[in-house]
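Here is the file query38.txt (compact mmCIF, N, CA and C atoms).
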```txt
# COMPACT_ATOMS: atom_id res chain seq x y z
N GLY W 680 -23.22 -2.99 -7.10
CA GLY W 680 -22.35 -3.67 -6.19
C GLY W 680 -20.92 -3.22 -6.33
N ASN W 681 -20.48 -2.87 -7.54
CA ASN W 681 -19.09 -2.48 -7.76
C ASN W 681 -18.79 -1.13 -7.11
N ALA W 682 -19.75 -0.21 -7.14
CA ALA W 682 -19.53 1.11 -6.54
C ALA W 682 -19.39 1.00 -5.03
N GLU W 683 -20.16 0.10 -4.41
CA GLU W 683 -20.04 -0.09 -2.97
C GLU W 683 -18.67 -0.63 -2.60
N LYS W 684 -18.13 -1.52 -3.41
CA LYS W 684 -16.79 -2.07 -3.15
C LYS W 684 -15.73 -0.97 -3.26
N GLN W 685 -15.88 -0.09 -4.25
CA GLN W 685 -14.91 1.01 -4.41
C GLN W 685 -14.96 1.96 -3.22
N PHE W 686 -16.16 2.28 -2.75
CA PHE W 686 -16.27 3.16 -1.58
C PHE W 686 -15.76 2.47 -0.32
N ASP W 687 -15.94 1.16 -0.22
CA ASP W 687 -15.41 0.42 0.92
C ASP W 687 -13.88 0.49 0.95
N ILE W 688 -13.26 0.34 -0.21
CA ILE W 688 -11.80 0.44 -0.30
C ILE W 688 -11.34 1.85 0.05
N LEU W 689 -12.02 2.86 -0.46
CA LEU W 689 -11.63 4.24 -0.14
C LEU W 689 -11.84 4.56 1.33
N LYS W 690 -12.92 4.07 1.92
CA LYS W 690 -13.18 4.35 3.32
C LYS W 690 -12.16 3.68 4.23
N ASN W 691 -11.86 2.42 3.98
CA ASN W 691 -11.00 1.67 4.89
C ASN W 691 -9.51 1.81 4.59
N ASP W 692 -9.13 1.87 3.33
CA ASP W 692 -7.71 1.90 2.98
C ASP W 692 -7.15 3.31 2.83
N PHE W 693 -7.96 4.26 2.44
CA PHE W 693 -7.45 5.59 2.14
C PHE W 693 -7.99 6.68 3.05
N GLY W 694 -8.57 6.31 4.18
CA GLY W 694 -8.91 7.27 5.22
C GLY W 694 -10.18 8.06 5.03
N TRP W 695 -11.13 7.56 4.27
CA TRP W 695 -12.38 8.29 4.09
C TRP W 695 -13.31 8.11 5.29
N ASN W 696 -13.02 7.17 6.19
CA ASN W 696 -13.86 6.96 7.36
C ASN W 696 -13.79 8.15 8.31
N HIS W 697 -12.61 8.68 8.52
CA HIS W 697 -12.40 9.79 9.44
C HIS W 697 -11.71 10.92 8.68
N LEU W 698 -12.45 11.91 8.28
CA LEU W 698 -11.89 13.02 7.51
C LEU W 698 -11.02 13.87 8.42
N PRO W 699 -9.88 14.35 7.91
CA PRO W 699 -8.89 15.00 8.77
C PRO W 699 -9.18 16.47 9.09
N PHE W 700 -10.01 17.14 8.32
CA PHE W 700 -10.21 18.57 8.49
C PHE W 700 -11.64 18.86 8.93
N SER W 701 -11.84 20.08 9.44
CA SER W 701 -13.18 20.45 9.87
C SER W 701 -13.92 21.26 8.82
N SER W 702 -13.22 21.76 7.82
CA SER W 702 -13.90 22.55 6.79
C SER W 702 -14.20 21.69 5.57
N LEU W 703 -15.28 22.01 4.91
CA LEU W 703 -15.72 21.24 3.76
C LEU W 703 -14.76 21.39 2.59
N GLU W 704 -14.18 22.57 2.41
CA GLU W 704 -13.26 22.81 1.28
C GLU W 704 -12.01 21.93 1.41
N ASN W 705 -11.44 21.87 2.61
CA ASN W 705 -10.24 21.06 2.81
C ASN W 705 -10.54 19.57 2.68
N ASN W 706 -11.69 19.15 3.19
CA ASN W 706 -12.05 17.74 3.05
C ASN W 706 -12.33 17.36 1.60
N THR W 707 -12.86 18.28 0.81
CA THR W 707 -13.09 18.00 -0.61
C THR W 707 -11.77 17.78 -1.33
N VAL W 708 -10.78 18.61 -1.02
CA VAL W 708 -9.45 18.43 -1.62
C VAL W 708 -8.86 17.10 -1.18
N PHE W 709 -9.04 16.75 0.10
CA PHE W 709 -8.54 15.47 0.60
C PHE W 709 -9.19 14.30 -0.12
N LEU W 710 -10.51 14.36 -0.34
CA LEU W 710 -11.21 13.27 -1.02
C LEU W 710 -10.75 13.13 -2.47
N TYR W 711 -10.58 14.25 -3.17
CA TYR W 711 -10.08 14.19 -4.55
C TYR W 711 -8.67 13.62 -4.60
N PHE W 712 -7.82 14.08 -3.68
CA PHE W 712 -6.43 13.64 -3.69
C PHE W 712 -6.31 12.15 -3.39
N THR W 713 -7.07 11.65 -2.42
CA THR W 713 -6.99 10.23 -2.10
C THR W 713 -7.60 9.37 -3.21
N ALA W 714 -8.62 9.88 -3.89
CA ALA W 714 -9.16 9.13 -5.04
C ALA W 714 -8.13 9.06 -6.16
N LEU W 715 -7.38 10.12 -6.36
CA LEU W 715 -6.30 10.11 -7.34
C LEU W 715 -5.20 9.14 -6.92
N CYS W 716 -4.87 9.11 -5.63
CA CYS W 716 -3.87 8.17 -5.12
C CYS W 716 -4.31 6.73 -5.32
N ARG W 717 -5.60 6.46 -5.15
CA ARG W 717 -6.10 5.11 -5.36
C ARG W 717 -5.96 4.70 -6.82
N ASN W 718 -6.25 5.62 -7.73
CA ASN W 718 -6.08 5.31 -9.15
C ASN W 718 -4.62 5.03 -9.49
N LEU W 719 -3.71 5.82 -8.94
CA LEU W 719 -2.28 5.58 -9.15
C LEU W 719 -1.85 4.26 -8.54
N TYR W 720 -2.40 3.92 -7.37
CA TYR W 720 -2.08 2.65 -6.73
C TYR W 720 -2.49 1.47 -7.59
N THR W 721 -3.67 1.53 -8.21
CA THR W 721 -4.11 0.42 -9.04
C THR W 721 -3.24 0.28 -10.29
N ILE W 722 -2.77 1.40 -10.83
CA ILE W 722 -1.88 1.35 -12.00
C ILE W 722 -0.54 0.74 -11.62
N VAL W 723 0.03 1.18 -10.50
CA VAL W 723 1.32 0.66 -10.06
C VAL W 723 1.21 -0.82 -9.69
N LEU W 724 0.15 -1.19 -9.00
CA LEU W 724 -0.04 -2.59 -8.63
C LEU W 724 -0.24 -3.47 -9.86
N GLY W 725 -0.93 -2.96 -10.86
CA GLY W 725 -1.11 -3.72 -12.09
C GLY W 725 0.21 -3.97 -12.81
N SER W 726 1.07 -2.97 -12.84
CA SER W 726 2.37 -3.17 -13.52
C SER W 726 3.30 -4.05 -12.68
N LEU W 727 3.26 -3.92 -11.36
CA LEU W 727 4.09 -4.77 -10.52
C LEU W 727 3.62 -6.22 -10.52
N SER W 728 2.33 -6.44 -10.66
CA SER W 728 1.83 -7.82 -10.66
C SER W 728 2.23 -8.55 -11.94
N ASN W 729 2.55 -7.82 -13.00
CA ASN W 729 3.06 -8.47 -14.20
C ASN W 729 4.49 -8.96 -14.00
N ARG W 730 5.28 -8.23 -13.20
CA ARG W 730 6.68 -8.61 -12.96
C ARG W 730 6.81 -9.67 -11.87
N PHE W 731 6.09 -9.49 -10.78
CA PHE W 731 6.21 -10.39 -9.64
C PHE W 731 4.96 -11.26 -9.56
N LYS W 732 5.15 -12.54 -9.67
CA LYS W 732 4.01 -13.46 -9.70
C LYS W 732 3.37 -13.64 -8.32
N SER W 733 4.06 -13.22 -7.25
CA SER W 733 3.48 -13.34 -5.92
C SER W 733 2.44 -12.25 -5.65
N LEU W 734 2.41 -11.22 -6.47
CA LEU W 734 1.43 -10.14 -6.33
C LEU W 734 0.24 -10.38 -7.25
N GLU W 735 -0.90 -9.99 -6.77
CA GLU W 735 -2.10 -10.05 -7.60
C GLU W 735 -2.65 -8.64 -7.75
N PRO W 736 -3.24 -8.31 -8.90
CA PRO W 736 -3.73 -6.94 -9.09
C PRO W 736 -4.95 -6.61 -8.24
N THR W 737 -5.49 -7.58 -7.51
CA THR W 737 -6.66 -7.32 -6.68
C THR W 737 -6.29 -7.11 -5.22
N TYR W 738 -5.00 -7.06 -4.88
CA TYR W 738 -4.59 -6.86 -3.49
C TYR W 738 -5.01 -5.49 -2.99
N ARG W 739 -5.49 -5.45 -1.76
CA ARG W 739 -5.75 -4.17 -1.12
C ARG W 739 -4.44 -3.64 -0.57
N ILE W 740 -4.44 -2.38 -0.16
CA ILE W 740 -3.19 -1.72 0.18
C ILE W 740 -2.50 -2.35 1.40
N LYS W 741 -3.27 -2.79 2.40
CA LYS W 741 -2.66 -3.37 3.58
C LYS W 741 -1.99 -4.71 3.26
N LYS W 742 -2.63 -5.52 2.45
CA LYS W 742 -2.05 -6.80 2.06
C LYS W 742 -0.82 -6.58 1.17
N PHE W 743 -0.85 -5.57 0.32
CA PHE W 743 0.30 -5.25 -0.52
C PHE W 743 1.50 -4.85 0.34
N ILE W 744 1.26 -4.03 1.36
CA ILE W 744 2.36 -3.59 2.22
C ILE W 744 2.95 -4.77 2.99
N PHE W 745 2.11 -5.62 3.55
CA PHE W 745 2.61 -6.73 4.35
C PHE W 745 3.27 -7.82 3.52
N HIS W 746 2.86 -8.01 2.28
CA HIS W 746 3.43 -9.07 1.46
C HIS W 746 4.59 -8.62 0.59
N PHE W 747 4.68 -7.35 0.29
CA PHE W 747 5.68 -6.91 -0.69
C PHE W 747 6.66 -5.89 -0.12
N ILE W 748 6.20 -4.95 0.67
CA ILE W 748 7.07 -3.87 1.14
C ILE W 748 7.72 -4.23 2.47
N ALA W 749 6.93 -4.68 3.43
CA ALA W 749 7.46 -5.01 4.75
C ALA W 749 8.10 -6.39 4.70
N VAL W 750 9.42 -6.41 4.70
CA VAL W 750 10.18 -7.65 4.64
C VAL W 750 10.90 -7.82 5.97
N PRO W 751 10.74 -8.97 6.63
CA PRO W 751 11.46 -9.15 7.88
C PRO W 751 12.97 -9.22 7.63
N ALA W 752 13.71 -8.48 8.45
CA ALA W 752 15.16 -8.42 8.28
C ALA W 752 15.82 -8.23 9.63
N LYS W 753 17.11 -8.52 9.66
CA LYS W 753 17.87 -8.36 10.89
C LYS W 753 19.30 -8.00 10.52
N TRP W 754 19.88 -7.05 11.26
CA TRP W 754 21.28 -6.70 11.06
C TRP W 754 22.12 -7.71 11.83
N VAL W 755 23.05 -8.36 11.14
CA VAL W 755 23.94 -9.35 11.76
C VAL W 755 25.38 -8.97 11.49
N ARG W 756 26.23 -9.37 12.39
CA ARG W 756 27.66 -9.12 12.22
C ARG W 756 28.26 -10.33 11.52
N HIS W 757 28.85 -10.10 10.35
CA HIS W 757 29.40 -11.18 9.53
C HIS W 757 30.76 -10.74 9.00
N SER W 758 31.81 -11.45 9.38
CA SER W 758 33.19 -11.16 8.94
C SER W 758 33.62 -9.74 9.29
N GLY W 759 33.25 -9.27 10.46
CA GLY W 759 33.66 -7.94 10.91
C GLY W 759 32.84 -6.81 10.32
N GLN W 760 31.80 -7.12 9.57
CA GLN W 760 30.95 -6.10 8.96
C GLN W 760 29.50 -6.34 9.39
N TRP W 761 28.73 -5.28 9.34
CA TRP W 761 27.30 -5.41 9.58
C TRP W 761 26.61 -5.65 8.25
N CYS W 762 25.87 -6.74 8.16
CA CYS W 762 25.15 -7.09 6.93
C CYS W 762 23.66 -7.19 7.26
N LEU W 763 22.85 -6.81 6.31
CA LEU W 763 21.41 -6.92 6.46
C LEU W 763 20.97 -8.28 5.93
N ARG W 764 20.40 -9.09 6.81
CA ARG W 764 19.95 -10.42 6.42
C ARG W 764 18.43 -10.37 6.23
N LEU W 765 17.98 -10.65 5.01
CA LEU W 765 16.55 -10.63 4.67
C LEU W 765 15.97 -12.01 4.79
N TYR W 766 14.79 -12.09 5.38
CA TYR W 766 14.09 -13.36 5.53
C TYR W 766 12.89 -13.36 4.59
N SER W 767 13.16 -13.48 3.31
CA SER W 767 12.09 -13.46 2.32
C SER W 767 12.55 -14.21 1.09
N GLY W 768 11.60 -14.77 0.38
CA GLY W 768 11.91 -15.44 -0.86
C GLY W 768 11.78 -14.53 -2.07
N VAL W 769 11.39 -13.27 -1.86
CA VAL W 769 11.23 -12.32 -2.95
C VAL W 769 12.59 -11.79 -3.34
N PRO W 770 12.97 -11.88 -4.62
CA PRO W 770 14.30 -11.37 -5.02
C PRO W 770 14.38 -9.85 -4.96
```

Structure encoded using C-alpha cells:
Amino acid sequence: GNAEKQFDILKNDFGWNHLPFSSLENNTVFLYFTALCRNLYTIVLGSLSNRFKSLEPTYRIKKFIFHFIAVPAKWVRHSGQWCLRLYSGVP
C-alpha cells in the first residue's frame, strides 16, 4: 500500500502522469530527476514543519504551496509610499 501512495504522489504532484519527452532516454532522466526532487521536498518540508507549527510533514506539494508560499497580498498607498500589505497570520 505504501508504494502505491508514493507513485500516486509522483504521478499527480511531480508530473509522472504526462511525460514531457518522446524518447525513452529523456523520460528516464526526467523520472530520476523528479524522484530526487521529491526526496528533497520531503527533507525541506520536514525541517520547515519543525519551525512552523502550521505545516505538517505529510502535506502534499499543492497544499504546501497554497498554505505556506502563496500569501494573499495587496499593494496599498500609505503615507505617500507603496507598502505591501499581507493578509496572513504566518510571521

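As for atom N of Trp754 (chain W) and atom N of Leu724 (chain W), they are spaced 28.9 Å apart.
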
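Considering the residues W:Phe745, W:Arg730, W:Arg756, W:Leu689 and counting all atoms listed in the file, Ala714 (chain W) has its shortest atom-to-atom contact with W:Leu689.
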
So for region 693-697 of chain W, what box centre and size do we get, axis-aligned, 5 Å extra on each of the six sides, every listed atom, Å to one decimal, as lines of an AutoDock Vina configuration file?
```
center_x = -10.7
center_y = 7.6
center_z = 5.8
size_x = 16.4
size_y = 16.7
size_z = 17.3
```

**Message:** For a quick check of understanding, using only C-alpha atoms, which of W:Tyr720, W:His697, W:Asn681, W:Trp761 has the smallest distance to Lys741 (chain W)?
**Reply:**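 Using only C-alpha atoms, the shortest distance to Lys741 (chain W) belongs to W:Tyr720.
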
**Message:** If you run DSSP on the backbone here, which positions in chain W get strand (DSSP E or B)? Please write them as a ChimeraX atom specification.
**Reply:** /W:752-757,760-765

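One distance worth recording is that between CA of Ala682 (chain W) and CA of Val708 (chain W), which is 20.6 Å.
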
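Only residues having an atom at most 8 Å from (19.4, -10.8, 3.2) are included; using all atoms listed in the file, these are Pro751, Ala752, Lys753, Cys762, Leu763, Arg764, Leu765, Tyr766 and Ser767 of chain W.
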
**Request:** From chain W, collect each residue whose DSSP state is helix (DSSP H, G or I) and return the set as a ChimeraX atom specification.
**Result:** /W:681-692,703-730,740-748

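Our summary of the geometry notes that atom C of Ile722 (chain W) is positioned 18.6 Å from atom C of Asn691 (chain W).
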
Taking 4 positions as the minimum chain separation for residues in the same chain, which residues sit within 10 Å of Trp695 (chain W) when counting only C-alpha atoms? Answer as a compact mmCIF listing (two decimals) with N, CA and C atoms, in the frame of the given file.
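Final output, around_0.txt:
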```txt
# COMPACT_ATOMS: atom_id res chain seq x y z
N PHE W 686 -16.16 2.28 -2.75
CA PHE W 686 -16.27 3.16 -1.58
C PHE W 686 -15.76 2.47 -0.32
N ASP W 687 -15.94 1.16 -0.22
CA ASP W 687 -15.41 0.42 0.92
C ASP W 687 -13.88 0.49 0.95
N ILE W 688 -13.26 0.34 -0.21
CA ILE W 688 -11.80 0.44 -0.30
C ILE W 688 -11.34 1.85 0.05
N LEU W 689 -12.02 2.86 -0.46
CA LEU W 689 -11.63 4.24 -0.14
C LEU W 689 -11.84 4.56 1.33
N LYS W 690 -12.92 4.07 1.92
CA LYS W 690 -13.18 4.35 3.32
C LYS W 690 -12.16 3.68 4.23
N ASN W 691 -11.86 2.42 3.98
CA ASN W 691 -11.00 1.67 4.89
C ASN W 691 -9.51 1.81 4.59
N PRO W 699 -9.88 14.35 7.91
CA PRO W 699 -8.89 15.00 8.77
C PRO W 699 -9.18 16.47 9.09
N ASN W 706 -11.69 19.15 3.19
CA ASN W 706 -12.05 17.74 3.05
C ASN W 706 -12.33 17.36 1.60
N PHE W 709 -9.04 16.75 0.10
CA PHE W 709 -8.54 15.47 0.60
C PHE W 709 -9.19 14.30 -0.12
N LEU W 710 -10.51 14.36 -0.34
CA LEU W 710 -11.21 13.27 -1.02
C LEU W 710 -10.75 13.13 -2.47
N THR W 713 -7.07 11.65 -2.42
CA THR W 713 -6.99 10.23 -2.10
C THR W 713 -7.60 9.37 -3.21
N ALA W 714 -8.62 9.88 -3.89
CA ALA W 714 -9.16 9.13 -5.04
C ALA W 714 -8.13 9.06 -6.16
```

**Request:** Between W:Leu727, W:Ala749, W:Ile740, W:Ser733, single out the one closest to Phe693 (chain W), counting only C-alpha atoms.
**Result:**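 Looking only at the distances to Phe693 (chain W), the closest residue turns out to be W:Ile740.
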
**Request:** Show which residues sit within 7 Å of Pro736 (chain W), as number ranges by chain. Count all atoms listed in the file, and ignore same-chain residues fewer than 3 positions away.
**Result:** W: 724-725, 728, 739

**Asked** For Lys732 (chain W), which residue among W:Phe747, W:Asn718, W:Asp692, W:Phe712 is the nearest when counting only C-alpha atoms?
**Response** W:Phe747
